[in-house]
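Input: a single structure, listed below in structure tokens.
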Amino acid sequence: MARQGKTIRLEAPFSEEKARELKSGDRVLLRGTVYTLRDAGHKRLVELLKRGEEPPFPIKDAVLYYVGPSPAKAGRPLGSAGPTTSYRMDPYTPYLIQRGLRGMIGKGRRGVDVIDSMKQHGAVYFAAIGGAGALISETIRAAEIVAWEDLGTEALRRLTVVDMPVTVVVDTEGRNLYEEGPAAWLSEHHD
Amino acid sequence: MSVREFDVSVLRDTVEEMCGRLACQLPGDIRRAVEQTLEREDGLTAREVLEDLLLNYDIAAKDHIPICQDTGMIVAFLDVGLDVHFTGDPYEAIHEGVRRGYSKHLLRMSVVKDPLRRVNTGDNTPAMVTTRLIPGDRVAVTLLAKGFGSENMSRLAMLVPADGEEGVRRFVIDTVAHAGPNACPPFVVGIGIGGTFDQVALAAKRALARPLTESNPDAYYAEMERSLFEEINRLGVGPQGFGGRGTALGVAIEVLPTHIAGLPVAVNINCHVARHYREVL
Ligand code: SF4
């Protein structure tokens, strides 16, 4: 069958050792702390680090979620909150992985440079389901703005998540579900 | 024939209501296509994804929160009867409806005023409006809330006549395969063929506005829609690109006459959150 992976419970942030246990295709229920960052925030973060300033959150072992949520209803921490397409963050990602970034949650393919640096430093790329923002929102228990409030939906937020469903797409060996999943399906259905 | 006075506040209020509905309630034709995709899928991962998508649509509708946080840019097709006289500016009425709808329903403001200087307009306006004159005294408005994960994976090519149907098919298949996991599959694939450089893209967009329950009225193109649908669903991309049969929910083709020297083709990808509604006023 197309899925070899298993379901794993994982607490974020997590160590390189933990990252290296995760395999492409695993379904993960994530709990703990993840930080939201997308296009404009990545630019700011990398510029700040290059100036030698302290980042607004601890990058080592952190998990970033590429998301620009919709506004929250009264009584909820966030509105709809599914992943945005990851490749736009690729120009910044190897720099962050070198500084200890451990995980990324998004959707869609990553570039070769990103995957090389993931293998080298032991980082993992997860996909959350694109277009399932209402479902994912229910697993987000708290959200607070850490920096760059002026960026609106793109601000840096700290999220507390409980059993957020994600799938390991690229693991620390560089195995890639976006290649292996379709290939496995094709080999099972050569009609 | 007498002229019908049409107060644009009706259009404004309709657009306002439709914006909330687009964001939070998946149209029935798309939902049914996702259910049918689930029935045909045999892989565990693909099935789990599709089940989560259906659960997500339910939560969104029940809690009135957006199906997807990218609540899109509004594309409006406005068909105006020749016997209609507007009291007020219909374009401004559409923009005002978007402004009110997006703020009232807590949708994400995703529009920048200028493509290079990129300052958010703060109210998701303007909508991209295309107007057509039609017989009669009705006003019909079709709205799409178009997400850009899938818009970014859309492509246009000026093929040559010698490329023929085979060339068009190859371009469609390549575009869908290239979109792959980036554009939130399963997709609705809107295809424009013919016309000019500008009109072919619009035809592809119109194709996305057509309910999936309808095929092209021309049997030749209806058959091409069907066979492209089958071919796309043999690519193996699957829901979210994790592998599976369900790469497309539907394929819609709109055609236009074209020049003896050309064969324009445009492929507009829509994600499974294929938000489209139409109202006749
Ligand atoms: S492509 Fe569609 S489902 Fe995916 S994030 Fe954009 S609007 Fe949402």
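A note on labels: chains of the structure tokens are A, B, ... as shown, every chain counts residues from 1, and ligands are counted from 1 in their shown order.
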B:Val139 environment, 10 Å, only C-alpha atoms, sequence neighbours closer than 3 positions dropped, as a tab-separated table (two decimals) with N, CA and C atoms, in the first residue's frame:
chain	number	residue	atom	x	y	z
B	6	PHE	N	-32.23	49.56	-11.69
B	6	PHE	CA	-31.59	48.59	-10.80
B	6	PHE	C	-30.72	49.34	-9.79
B	11	LEU	N	-26.90	44.71	-5.54
B	11	LEU	CA	-25.68	44.03	-5.96
B	11	LEU	C	-24.66	44.01	-4.81
B	78	LEU	N	-19.68	39.67	-14.26
B	78	LEU	CA	-20.93	40.42	-14.15
B	78	LEU	C	-21.60	40.44	-15.52
B	79	ASP	N	-22.75	39.78	-15.61
B	79	ASP	CA	-23.51	39.79	-16.85
B	79	ASP	C	-24.69	40.75	-16.70
B	80	VAL	N	-24.74	41.74	-17.56
B	80	VAL	CA	-25.74	42.80	-17.40
B	80	VAL	C	-26.70	42.78	-18.58
B	81	GLY	N	-27.99	42.69	-18.28
B	81	GLY	CA	-29.01	42.74	-19.32
B	81	GLY	C	-29.03	44.10	-19.99
B	82	LEU	N	-29.26	44.10	-21.31
B	82	LEU	CA	-29.25	45.36	-22.08
B	82	LEU	C	-30.36	46.30	-21.63
B	83	ASP	N	-31.39	45.75	-20.97
B	83	ASP	CA	-32.50	46.60	-20.54
B	83	ASP	C	-32.36	47.07	-19.10
B	84	VAL	N	-31.15	46.91	-18.55
B	84	VAL	CA	-30.93	47.35	-17.16
B	84	VAL	C	-30.34	48.75	-17.16
B	133	LEU	N	-22.37	42.11	-21.71
B	133	LEU	CA	-23.75	42.52	-21.94
B	133	LEU	C	-24.53	41.34	-22.49
B	134	ILE	N	-25.73	41.13	-21.94
B	134	ILE	CA	-26.57	40.00	-22.37
B	134	ILE	C	-27.99	40.51	-22.67
B	136	GLY	N	-32.02	40.99	-22.25
B	136	GLY	CA	-32.94	40.93	-21.11
B	136	GLY	C	-32.71	41.99	-20.07
B	279	GLU	N	-25.36	34.21	-8.65
B	279	GLU	CA	-26.69	34.71	-8.30
B	279	GLU	C	-27.24	35.50	-9.47
B	280	VAL	N	-28.53	35.31	-9.73
B	280	VAL	CA	-29.20	36.09	-10.77
B	280	VAL	C	-30.15	37.05	-10.08
B	281	LEU	N	-30.01	38.34	-10.39
B	281	LEU	CA	-30.79	39.37	-9.69
B	281	LEU	C	-31.78	40.03	-10.65
- Message: Env of A:Ser80: 12 Å cut, atoms = only C-alpha atoms, seq-sep filter 4 positions within chain, self excluded. Answer as a ChimeraX atom specification.
- Response: /A:67-73,76,84,130-140,153 /B:23-24,56-57,59-60,63-71,105-108
Just to be explicit: take each residue in the selection above, keep C-alpha atoms, and write the result as a JSON list (two decimals), in the first residue's frame.
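Output file part24.json is given in full below:
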[["chain", "number", "residue", "atom", "x", "y", "z"],
["A", 67, "VAL", "CA", 0.89, 30.18, 7.77],
["A", 68, "GLY", "CA", -0.96, 33.45, 7.42],
["A", 69, "PRO", "CA", -4.10, 32.83, 9.48],
["A", 70, "SER", "CA", -7.46, 34.48, 8.97],
["A", 71, "PRO", "CA", -8.66, 36.73, 11.83],
["A", 72, "ALA", "CA", -9.84, 35.06, 15.06],
["A", 73, "LYS", "CA", -13.45, 34.94, 16.13],
["A", 76, "ARG", "CA", -10.72, 31.59, 19.66],
["A", 84, "THR", "CA", 0.97, 28.23, 2.73],
["A", 130, "GLY", "CA", -3.48, 22.58, 2.37],
["A", 131, "GLY", "CA", -7.05, 23.80, 2.45],
["A", 132, "ALA", "CA", -7.85, 22.30, 5.87],
["A", 133, "GLY", "CA", -7.47, 25.51, 7.86],
["A", 134, "ALA", "CA", -10.64, 25.08, 9.93],
["A", 135, "LEU", "CA", -9.65, 21.57, 11.03],
["A", 136, "ILE", "CA", -6.09, 22.63, 11.88],
["A", 137, "SER", "CA", -7.36, 25.68, 13.75],
["A", 138, "GLU", "CA", -9.08, 23.38, 16.23],
["A", 139, "THR", "CA", -5.69, 21.96, 17.28],
["A", 140, "ILE", "CA", -4.29, 25.42, 18.06],
["A", 153, "THR", "CA", -1.37, 38.04, 9.23],
["B", 23, "ALA", "CA", -15.21, 31.38, 2.36],
["B", 24, "CYS", "CA", -17.08, 29.05, 4.71],
["B", 56, "ASN", "CA", -12.68, 20.38, 7.41],
["B", 57, "TYR", "CA", -15.57, 21.48, 5.17],
["B", 59, "ILE", "CA", -16.20, 22.31, 10.63],
["B", 60, "ALA", "CA", -15.97, 25.41, 8.45],
["B", 63, "ASP", "CA", -18.52, 27.18, 12.91],
["B", 64, "HIS", "CA", -18.69, 29.67, 10.03],
["B", 65, "ILE", "CA", -14.93, 29.93, 9.80],
["B", 66, "PRO", "CA", -13.03, 29.88, 6.49],
["B", 67, "ILE", "CA", -12.41, 26.50, 4.85],
["B", 68, "CYS", "CA", -8.97, 27.85, 4.03],
["B", 69, "GLN", "CA", -7.14, 30.80, 5.57],
["B", 70, "ASP", "CA", -6.37, 32.05, 2.06],
["B", 71, "THR", "CA", -9.82, 33.43, 1.44],
["B", 105, "HIS", "CA", -17.06, 37.46, 8.09],
["B", 106, "LEU", "CA", -13.49, 37.83, 9.46],
["B", 107, "LEU", "CA", -11.82, 36.81, 6.22],
["B", 108, "ARG", "CA", -8.18, 37.34, 5.43]]
Every residue of stretch 18-205 of chain B that DSSP places in strand (DSSP E), as a PDB file with N, CA, C and O atoms, in the first residue's frame:
ATOM      1  N   MET B  73      -8.732  36.128  -3.682  1.00  0.00           N
ATOM      2  CA  MET B  73      -9.024  37.408  -4.314  1.00  0.00           C
ATOM      3  C   MET B  73     -10.329  37.190  -5.066  1.00  0.00           C
ATOM      4  O   MET B  73     -10.524  36.133  -5.680  1.00  0.00           O
ATOM      5  N   ILE B  74     -11.223  38.167  -5.011  1.00  0.00           N
ATOM      6  CA  ILE B  74     -12.522  37.962  -5.653  1.00  0.00           C
ATOM      7  C   ILE B  74     -12.439  38.247  -7.149  1.00  0.00           C
ATOM      8  O   ILE B  74     -12.017  39.316  -7.571  1.00  0.00           O
ATOM      9  N   VAL B  75     -12.837  37.228  -7.926  1.00  0.00           N
ATOM     10  CA  VAL B  75     -12.971  37.361  -9.371  1.00  0.00           C
ATOM     11  C   VAL B  75     -14.472  37.403  -9.635  1.00  0.00           C
ATOM     12  O   VAL B  75     -15.204  36.515  -9.195  1.00  0.00           O
ATOM     13  N   ALA B  76     -14.927  38.451 -10.316  1.00  0.00           N
ATOM     14  CA  ALA B  76     -16.361  38.612 -10.552  1.00  0.00           C
ATOM     15  C   ALA B  76     -16.663  38.647 -12.041  1.00  0.00           C
ATOM     16  O   ALA B  76     -16.016  39.381 -12.792  1.00  0.00           O
ATOM     17  N   PHE B  77     -17.617  37.814 -12.455  1.00  0.00           N
ATOM     18  CA  PHE B  77     -18.157  37.905 -13.812  1.00  0.00           C
ATOM     19  C   PHE B  77     -19.540  38.520 -13.683  1.00  0.00           C
ATOM     20  O   PHE B  77     -20.430  37.953 -13.053  1.00  0.00           O
ATOM     21  N   LEU B  78     -19.676  39.674 -14.260  1.00  0.00           N
ATOM     22  CA  LEU B  78     -20.928  40.417 -14.148  1.00  0.00           C
ATOM     23  C   LEU B  78     -21.600  40.441 -15.518  1.00  0.00           C
ATOM     24  O   LEU B  78     -21.055  41.006 -16.469  1.00  0.00           O
ATOM     25  N   ASP B  79     -22.754  39.784 -15.607  1.00  0.00           N
ATOM     26  CA  ASP B  79     -23.512  39.794 -16.855  1.00  0.00           C
ATOM     27  C   ASP B  79     -24.686  40.749 -16.697  1.00  0.00           C
ATOM     28  O   ASP B  79     -25.513  40.572 -15.794  1.00  0.00           O
ATOM     29  N   VAL B  80     -24.744  41.737 -17.561  1.00  0.00           N
ATOM     30  CA  VAL B  80     -25.738  42.802 -17.401  1.00  0.00           C
ATOM     31  C   VAL B  80     -26.699  42.780 -18.576  1.00  0.00           C
ATOM     32  O   VAL B  80     -26.280  42.858 -19.740  1.00  0.00           O
ATOM     33  N   GLY B  81     -27.985  42.691 -18.278  1.00  0.00           N
ATOM     34  CA  GLY B  81     -29.008  42.736 -19.320  1.00  0.00           C
ATOM     35  C   GLY B  81     -29.027  44.096 -19.993  1.00  0.00           C
ATOM     36  O   GLY B  81     -28.833  45.133 -19.341  1.00  0.00           O
ATOM     37  N   VAL B  84     -31.155  46.911 -18.552  1.00  0.00           N
ATOM     38  CA  VAL B  84     -30.932  47.349 -17.163  1.00  0.00           C
ATOM     39  C   VAL B  84     -30.340  48.749 -17.158  1.00  0.00           C
ATOM     40  O   VAL B  84     -29.435  49.061 -17.946  1.00  0.00           O
ATOM     41  N   HIS B  85     -30.877  49.576 -16.264  1.00  0.00           N
ATOM     42  CA  HIS B  85     -30.219  50.859 -15.993  1.00  0.00           C
ATOM     43  C   HIS B  85     -29.836  50.899 -14.523  1.00  0.00           C
ATOM     44  O   HIS B  85     -30.675  50.752 -13.649  1.00  0.00           O
ATOM     45  N   PHE B  86     -28.542  51.049 -14.257  1.00  0.00           N
ATOM     46  CA  PHE B  86     -28.074  51.060 -12.876  1.00  0.00           C
ATOM     47  C   PHE B  86     -28.281  52.424 -12.235  1.00  0.00           C
ATOM     48  O   PHE B  86     -27.960  53.457 -12.830  1.00  0.00           O
ATOM     49  N   THR B  87     -28.792  52.392 -11.005  1.00  0.00           N
ATOM     50  CA  THR B  87     -28.780  53.593 -10.178  1.00  0.00           C
ATOM     51  C   THR B  87     -27.555  53.468  -9.295  1.00  0.00           C
ATOM     52  O   THR B  87     -27.533  52.672  -8.368  1.00  0.00           O
ATOM     53  N   MET B 128     -11.533  41.596  -9.166  1.00  0.00           N
ATOM     54  CA  MET B 128     -11.218  41.595 -10.602  1.00  0.00           C
ATOM     55  C   MET B 128     -12.526  41.355 -11.358  1.00  0.00           C
ATOM     56  O   MET B 128     -13.065  40.246 -11.325  1.00  0.00           O
ATOM     57  N   VAL B 129     -13.044  42.389 -11.992  1.00  0.00           N
ATOM     58  CA  VAL B 129     -14.388  42.310 -12.566  1.00  0.00           C
ATOM     59  C   VAL B 129     -14.332  42.250 -14.095  1.00  0.00           C
ATOM     60  O   VAL B 129     -13.620  43.025 -14.729  1.00  0.00           O
ATOM     61  N   THR B 130     -15.080  41.329 -14.666  1.00  0.00           N
ATOM     62  CA  THR B 130     -15.259  41.256 -16.117  1.00  0.00           C
ATOM     63  C   THR B 130     -16.754  41.385 -16.408  1.00  0.00           C
ATOM     64  O   THR B 130     -17.566  40.663 -15.837  1.00  0.00           O
ATOM     65  N   THR B 131     -17.095  42.302 -17.289  1.00  0.00           N
ATOM     66  CA  THR B 131     -18.509  42.572 -17.572  1.00  0.00           C
ATOM     67  C   THR B 131     -18.872  42.078 -18.969  1.00  0.00           C
ATOM     68  O   THR B 131     -18.051  42.138 -19.889  1.00  0.00           O
ATOM     69  N   ARG B 132     -20.086  41.583 -19.081  1.00  0.00           N
ATOM     70  CA  ARG B 132     -20.584  41.156 -20.380  1.00  0.00           C
ATOM     71  C   ARG B 132     -22.012  41.662 -20.528  1.00  0.00           C
ATOM     72  O   ARG B 132     -22.772  41.636 -19.556  1.00  0.00           O
ATOM     73  N   LEU B 133     -22.372  42.108 -21.706  1.00  0.00           N
ATOM     74  CA  LEU B 133     -23.755  42.521 -21.943  1.00  0.00           C
ATOM     75  C   LEU B 133     -24.533  41.336 -22.493  1.00  0.00           C
ATOM     76  O   LEU B 133     -24.047  40.609 -23.367  1.00  0.00           O
ATOM     77  N   ILE B 134     -25.735  41.129 -21.942  1.00  0.00           N
ATOM     78  CA  ILE B 134     -26.567  40.000 -22.372  1.00  0.00           C
ATOM     79  C   ILE B 134     -27.985  40.512 -22.669  1.00  0.00           C
ATOM     80  O   ILE B 134     -28.343  41.608 -22.221  1.00  0.00           O
ATOM     81  N   VAL B 139     -29.496  40.879 -14.007  1.00  0.00           N
ATOM     82  CA  VAL B 139     -28.079  41.051 -13.708  1.00  0.00           C
ATOM     83  C   VAL B 139     -27.630  39.741 -13.060  1.00  0.00           C
ATOM     84  O   VAL B 139     -28.235  39.308 -12.076  1.00  0.00           O
ATOM     85  N   ALA B 140     -26.627  39.102 -13.640  1.00  0.00           N
ATOM     86  CA  ALA B 140     -26.119  37.859 -13.048  1.00  0.00           C
ATOM     87  C   ALA B 140     -24.698  38.108 -12.569  1.00  0.00           C
ATOM     88  O   ALA B 140     -23.888  38.706 -13.282  1.00  0.00           O
ATOM     89  N   VAL B 141     -24.418  37.661 -11.355  1.00  0.00           N
ATOM     90  CA  VAL B 141     -23.063  37.831 -10.833  1.00  0.00           C
ATOM     91  C   VAL B 141     -22.523  36.470 -10.404  1.00  0.00           C
ATOM     92  O   VAL B 141     -23.175  35.732  -9.674  1.00  0.00           O
ATOM     93  N   THR B 142     -21.358  36.141 -10.950  1.00  0.00           N
ATOM     94  CA  THR B 142     -20.658  34.914 -10.570  1.00  0.00           C
ATOM     95  C   THR B 142     -19.385  35.339  -9.851  1.00  0.00           C
ATOM     96  O   THR B 142     -18.627  36.149 -10.378  1.00  0.00           O
ATOM     97  N   LEU B 143     -19.186  34.811  -8.655  1.00  0.00           N
ATOM     98  CA  LEU B 143     -17.978  35.153  -7.906  1.00  0.00           C
ATOM     99  C   LEU B 143     -17.135  33.918  -7.668  1.00  0.00           C
ATOM    100  O   LEU B 143     -17.644  32.840  -7.359  1.00  0.00           O
ATOM    101  N   LEU B 144     -15.841  34.107  -7.817  1.00  0.00           N
ATOM    102  CA  LEU B 144     -14.864  33.108  -7.381  1.00  0.00           C
ATOM    103  C   LEU B 144     -14.009  33.763  -6.305  1.00  0.00           C
ATOM    104  O   LEU B 144     -13.648  34.936  -6.449  1.00  0.00           O
ATOM    105  N   ALA B 145     -13.700  33.030  -5.243  1.00  0.00           N
ATOM    106  CA  ALA B 145     -12.718  33.515  -4.271  1.00  0.00           C
ATOM    107  C   ALA B 145     -11.465  32.713  -4.565  1.00  0.00           C
ATOM    108  O   ALA B 145     -11.325  31.568  -4.142  1.00  0.00           O
ATOM    109  N   LYS B 146     -10.570  33.311  -5.330  1.00  0.00           N
ATOM    110  CA  LYS B 146      -9.481  32.526  -5.921  1.00  0.00           C
ATOM    111  C   LYS B 146      -8.232  32.559  -5.049  1.00  0.00           C
ATOM    112  O   LYS B 146      -7.663  33.613  -4.791  1.00  0.00           O
ATOM    113  N   ARG B 155      -0.701  28.316 -16.022  1.00  0.00           N
ATOM    114  CA  ARG B 155       0.208  28.690 -17.118  1.00  0.00           C
ATOM    115  C   ARG B 155      -0.542  28.948 -18.420  1.00  0.00           C
ATOM    116  O   ARG B 155      -1.659  28.478 -18.612  1.00  0.00           O
ATOM    117  N   LEU B 156       0.129  29.681 -19.285  1.00  0.00           N
ATOM    118  CA  LEU B 156      -0.423  30.017 -20.595  1.00  0.00           C
ATOM    119  C   LEU B 156       0.639  29.754 -21.661  1.00  0.00           C
ATOM    120  O   LEU B 156       1.815  30.034 -21.421  1.00  0.00           O
ATOM    121  N   ALA B 157       0.228  29.205 -22.802  1.00  0.00           N
ATOM    122  CA  ALA B 157       1.193  28.983 -23.882  1.00  0.00           C
ATOM    123  C   ALA B 157       0.574  29.379 -25.220  1.00  0.00           C
ATOM    124  O   ALA B 157      -0.608  29.144 -25.455  1.00  0.00           O
ATOM    125  N   MET B 158       1.382  29.980 -26.071  1.00  0.00           N
ATOM    126  CA  MET B 158       0.949  30.257 -27.438  1.00  0.00           C
ATOM    127  C   MET B 158       1.494  29.119 -28.301  1.00  0.00           C
ATOM    128  O   MET B 158       2.613  29.182 -28.800  1.00  0.00           O
ATOM    129  N   LEU B 159       0.686  28.067 -28.433  1.00  0.00           N
ATOM    130  CA  LEU B 159       1.097  26.940 -29.272  1.00  0.00           C
ATOM    131  C   LEU B 159       0.883  27.314 -30.734  1.00  0.00           C
ATOM    132  O   LEU B 159       0.288  28.353 -31.038  1.00  0.00           O
ATOM    133  N   PHE B 187      -7.407  18.950  -7.699  1.00  0.00           N
ATOM    134  CA  PHE B 187      -7.643  20.207  -8.396  1.00  0.00           C
ATOM    135  C   PHE B 187      -8.930  20.213  -9.199  1.00  0.00           C
ATOM    136  O   PHE B 187      -9.403  19.174  -9.631  1.00  0.00           O
ATOM    137  N   VAL B 188      -9.409  21.428  -9.477  1.00  0.00           N
ATOM    138  CA  VAL B 188     -10.287  21.634 -10.618  1.00  0.00           C
ATOM    139  C   VAL B 188      -9.413  22.308 -11.670  1.00  0.00           C
ATOM    140  O   VAL B 188      -8.696  23.260 -11.363  1.00  0.00           O
ATOM    141  N   VAL B 189      -9.441  21.763 -12.881  1.00  0.00           N
ATOM    142  CA  VAL B 189      -8.568  22.271 -13.932  1.00  0.00           C
ATOM    143  C   VAL B 189      -9.419  23.017 -14.957  1.00  0.00           C
ATOM    144  O   VAL B 189     -10.274  22.430 -15.619  1.00  0.00           O
ATOM    145  N   GLY B 190      -9.186  24.316 -15.053  1.00  0.00           N
ATOM    146  CA  GLY B 190      -9.910  25.156 -16.015  1.00  0.00           C
ATOM    147  C   GLY B 190      -9.021  25.407 -17.217  1.00  0.00           C
ATOM    148  O   GLY B 190      -7.882  25.849 -17.061  1.00  0.00           O
ATOM    149  N   ILE B 191      -9.538  25.117 -18.401  1.00  0.00           N
ATOM    150  CA  ILE B 191      -8.721  25.230 -19.613  1.00  0.00           C
ATOM    151  C   ILE B 191      -9.396  26.163 -20.606  1.00  0.00           C
ATOM    152  O   ILE B 191     -10.587  26.018 -20.899  1.00  0.00           O
ATOM    153  N   GLY B 192      -8.627  27.115 -21.103  1.00  0.00           N
ATOM    154  CA  GLY B 192      -9.091  27.954 -22.209  1.00  0.00           C
ATOM    155  C   GLY B 192      -8.310  27.570 -23.446  1.00  0.00           C
ATOM    156  O   GLY B 192      -7.100  27.353 -23.366  1.00  0.00           O
ATOM    157  N   ILE B 193      -8.998  27.458 -24.573  1.00  0.00           N
ATOM    158  CA  ILE B 193      -8.310  27.161 -25.834  1.00  0.00           C
ATOM    159  C   ILE B 193      -8.821  28.144 -26.887  1.00  0.00           C
ATOM    160  O   ILE B 193     -10.043  28.289 -27.052  1.00  0.00           O
ATOM    161  N   GLY B 194      -7.898  28.789 -27.595  1.00  0.00           N
ATOM    162  CA  GLY B 194      -8.272  29.703 -28.672  1.00  0.00           C
ATOM    163  C   GLY B 194      -8.295  31.155 -28.246  1.00  0.00           C
ATOM    164  O   GLY B 194      -7.768  31.524 -27.194  1.00  0.00           O
ATOM    165  N   GLY B 195      -8.921  31.990 -29.090  1.00  0.00           N
ATOM    166  CA  GLY B 195      -8.981  33.423 -28.809  1.00  0.00           C
ATOM    167  C   GLY B 195      -7.641  34.098 -29.021  1.00  0.00           C
ATOM    168  O   GLY B 195      -6.874  33.738 -29.921  1.00  0.00           O
TER     169      GLY B 195
END
Show me a table, sorted first by chain and then by increasing residue number, of the residues of chain B having an atom at most 6 Å from ligand 1, each with its shortest atom pair and the distance in Å to one decimal, counting only C-alpha atoms and all ligand atoms and written as CSV.
residue,atom,partner,partner_atom_place_in_ligand_line,distance
B:Cys68,CA,ligand 1,8 (Fe),4.7
B:Asp70,CA,ligand 1,7 (S),4.7
B:Gly147,CA,ligand 1,7 (S),3.6
B:Phe148,CA,ligand 1,6 (Fe),5.2
B:Gly149,CA,ligand 1,1 (S),3.7
B:Ser150,CA,ligand 1,1 (S),4.4
B:Ala183,CA,ligand 1,1 (S),4.8
B:Cys184,CA,ligand 1,4 (Fe),4.5
B:Cys271,CA,ligand 1,2 (Fe),4.5
B:Val273,CA,ligand 1,3 (S),5.1
Save the residues we just selected, N, CA and C atoms, as a PDB file, in the first residue's frame?
ATOM      1  N   CYS B  68     -10.403  27.633   4.163  1.00  0.00           N
ATOM      2  CA  CYS B  68      -8.968  27.850   4.028  1.00  0.00           C
ATOM      3  C   CYS B  68      -8.652  29.275   4.457  1.00  0.00           C
ATOM      4  N   ASP B  70      -6.468  31.187   3.238  1.00  0.00           N
ATOM      5  CA  ASP B  70      -6.371  32.050   2.064  1.00  0.00           C
ATOM      6  C   ASP B  70      -7.769  32.183   1.491  1.00  0.00           C
ATOM      7  N   GLY B 147      -7.800  31.376  -4.607  1.00  0.00           N
ATOM      8  CA  GLY B 147      -6.578  31.243  -3.823  1.00  0.00           C
ATOM      9  C   GLY B 147      -5.367  31.294  -4.729  1.00  0.00           C
ATOM     10  N   PHE B 148      -4.261  31.735  -4.182  1.00  0.00           N
ATOM     11  CA  PHE B 148      -3.096  31.938  -5.036  1.00  0.00           C
ATOM     12  C   PHE B 148      -2.074  30.813  -5.004  1.00  0.00           C
ATOM     13  N   GLY B 149      -2.195  29.878  -4.064  1.00  0.00           N
ATOM     14  CA  GLY B 149      -1.333  28.701  -4.132  1.00  0.00           C
ATOM     15  C   GLY B 149      -1.550  28.020  -5.472  1.00  0.00           C
ATOM     16  N   SER B 150      -2.811  27.964  -5.883  1.00  0.00           N
ATOM     17  CA  SER B 150      -3.138  27.321  -7.158  1.00  0.00           C
ATOM     18  C   SER B 150      -3.031  28.299  -8.329  1.00  0.00           C
ATOM     19  N   ALA B 183      -0.151  23.117  -5.141  1.00  0.00           N
ATOM     20  CA  ALA B 183      -1.398  23.832  -5.377  1.00  0.00           C
ATOM     21  C   ALA B 183      -2.605  23.176  -4.695  1.00  0.00           C
ATOM     22  N   CYS B 184      -2.336  22.372  -3.660  1.00  0.00           N
ATOM     23  CA  CYS B 184      -3.395  21.744  -2.871  1.00  0.00           C
ATOM     24  C   CYS B 184      -4.331  20.858  -3.690  1.00  0.00           C
ATOM     25  N   CYS B 271      -7.552  24.811  -6.573  1.00  0.00           N
ATOM     26  CA  CYS B 271      -7.387  23.805  -5.530  1.00  0.00           C
ATOM     27  C   CYS B 271      -8.748  23.188  -5.216  1.00  0.00           C
ATOM     28  N   VAL B 273     -10.433  23.720  -2.722  1.00  0.00           N
ATOM     29  CA  VAL B 273     -11.301  24.773  -2.166  1.00  0.00           C
ATOM     30  C   VAL B 273     -11.728  25.662  -3.340  1.00  0.00           C
TER      31      VAL B 273
END
- Using only C-alpha atoms, determine which residues lie at most 12 Å from A:Trp148, disregarding the query and same-chain residues fewer than 4 positions distant; provide the list as a list in words.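 Selected residues are Thr36, Leu37, Arg38, Ala40, Gly41, His42, Lys43, Arg44, Leu45, Pro55, Pro56, Glu144, Gly152, Thr153, Glu154, Ala155, Leu156 and Arg157 of chain A.
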Shell around A:Ala184 at 12 Å using only C-alpha atoms, local window under 4 positions removed, as a CSV table (one decimal) with C-alpha atoms, in the first residue's frame:
chain,number,residue,atom,x,y,z
A,1,MET,CA,0.0,0.0,0.0
A,2,ALA,CA,1.1,3.6,-0.6
A,3,ARG,CA,1.7,4.3,3.1
A,4,GLN,CA,4.6,2.7,4.9
A,25,GLY,CA,5.5,9.2,5.2
A,176,ASN,CA,10.7,12.6,-0.2
A,177,LEU,CA,7.1,11.6,0.0
A,178,TYR,CA,6.2,13.9,-3.0
A,179,GLU,CA,8.4,11.6,-5.1
A,180,GLU,CA,8.0,8.3,-3.4
A,188,GLU,CA,0.7,-0.4,-7.9
A,189,HIS,CA,-1.6,0.8,-10.6
A,190,HIS,CA,0.1,0.2,-13.9
B,43,GLY,CA,-4.5,4.0,-0.6
B,45,THR,CA,-2.7,8.0,3.1
B,235,LEU,CA,-0.5,10.8,-12.9
B,236,GLY,CA,-0.3,9.4,-9.4
B,237,VAL,CA,0.0,12.9,-7.7
B,238,GLY,CA,-3.0,12.2,-5.5
B,241,GLY,CA,0.7,15.1,-3.7
B,242,PHE,CA,1.2,12.2,-1.3
B,243,GLY,CA,0.3,9.7,-4.1
B,244,GLY,CA,-3.0,8.4,-5.2
B,245,ARG,CA,-5.7,8.5,-7.9
